Amino acid sequence: MPGRRRAPVKRPHAQKTARRAESFPLILRIEEPLTDAINYVQALYLMGYGLISHHETGGDAVVALAQEAGQRLEAVKKIWNEMLGEKRRSRSLKRRRAS
C-alpha cells in the first residue's frame with residue numbers, strides 16, 4: 001500500500017509590528033503641511049514681484065528667497081512622491097502574491 005502524501009505545511013508569516021503599522025499613517029500627515037508650505041512660498045514669490053513692480057526695495061530679496069525655498073520644497077515633494085509610489089508598488093506586489 002503506497003504511503004499517503006501530505007500537503008506541504010504553510011509556514012506562518014511574521015506579523016507586522018504595531019510600530020511599523022502605525023508609522024505609515026504618521027508619514028501621510030506630511031502631505032498637507034508640504035502642500036501648504038509650497039503655497040506659502042508661491043505667495044512670497046508673488047509678493048516679491050508686487051514689490052518690484054511698485055519700485056519698492058526688498059522685492060528682489062523676497063523673490064530670491066522664494067525661489068530658493070521653492071526649489072528645496074520641490075525636491076522634498078519629489079522624494080515624497082517617490083516614497084508614495086514605492087509604497088503603492090509594494091502593496092500591489094503583495095496583493096499579486098496573495099492571489
# chains A, B, ... in the order shown; residues from 1 in each chain; ligands from 1
call {"tool": "residues_around", "arguments": {"residues": "range 71-87 of chain A", "least_positions_apart": "6", "cutoff": "8 Å", "atoms": "only C-alpha atoms", "output": "CSV table (one decimal) with N, CA, C and O atoms, in the first residue's frame"}}
result
chain,number,residue,atom,x,y,z
A,34,LEU,N,3.1,70.0,3.6
A,34,LEU,CA,4.0,70.2,2.5
A,34,LEU,C,3.3,71.0,1.4
A,34,LEU,O,3.9,72.0,0.9
A,37,ALA,N,3.1,74.6,2.6
A,37,ALA,CA,4.4,75.3,2.5
A,37,ALA,C,4.7,75.7,1.1
A,37,ALA,O,5.2,76.8,0.9
A,38,ILE,N,4.4,74.9,0.1
A,38,ILE,CA,4.6,75.2,-1.3
A,38,ILE,C,3.7,76.4,-1.6
A,38,ILE,O,4.1,77.3,-2.3
call {"tool": "residues_around", "arguments": {"residues": "range 62-69 of chain A", "least_positions_apart": "5", "cutoff": "7 Å", "atoms": "only C-alpha atoms", "output": "PDB file with N, CA and C atoms, in the first residue's frame"}}
result
ATOM      1  N   VAL A  41       5.197  79.636  -0.203  1.00  0.00           N
ATOM      2  CA  VAL A  41       6.356  80.084  -0.976  1.00  0.00           C
ATOM      3  C   VAL A  41       5.888  80.774  -2.262  1.00  0.00           C
ATOM      4  N   LEU A  44       4.840  84.244  -1.363  1.00  0.00           N
ATOM      5  CA  LEU A  44       6.006  85.111  -1.180  1.00  0.00           C
ATOM      6  C   LEU A  44       6.573  85.554  -2.525  1.00  0.00           C
ATOM      7  N   TYR A  45       6.617  84.633  -3.455  1.00  0.00           N
ATOM      8  CA  TYR A  45       7.114  84.933  -4.800  1.00  0.00           C
ATOM      9  C   TYR A  45       6.280  86.043  -5.440  1.00  0.00           C
ATOM     10  N   GLY A  48       6.897  89.391  -3.720  1.00  0.00           N
ATOM     11  CA  GLY A  48       8.170  89.960  -4.150  1.00  0.00           C
ATOM     12  C   GLY A  48       8.044  90.658  -5.491  1.00  0.00           C
ATOM     13  N   TYR A  49       7.363  90.007  -6.434  1.00  0.00           N
ATOM     14  CA  TYR A  49       7.166  90.648  -7.733  1.00  0.00           C
ATOM     15  C   TYR A  49       6.252  91.867  -7.628  1.00  0.00           C
TER      16      TYR A  49
END
call {"tool": "atom_distance", "arguments": {"atom1": "CA of Gly70 in chain A", "atom2": "CA of Pro25 in chain A"}}
result
25.8 Å
call {"tool": "atom_distance", "arguments": {"atom1": "CA of Gly59 in chain A", "atom2": "CA of Asn39 in chain A"}}
result
18.3 Å
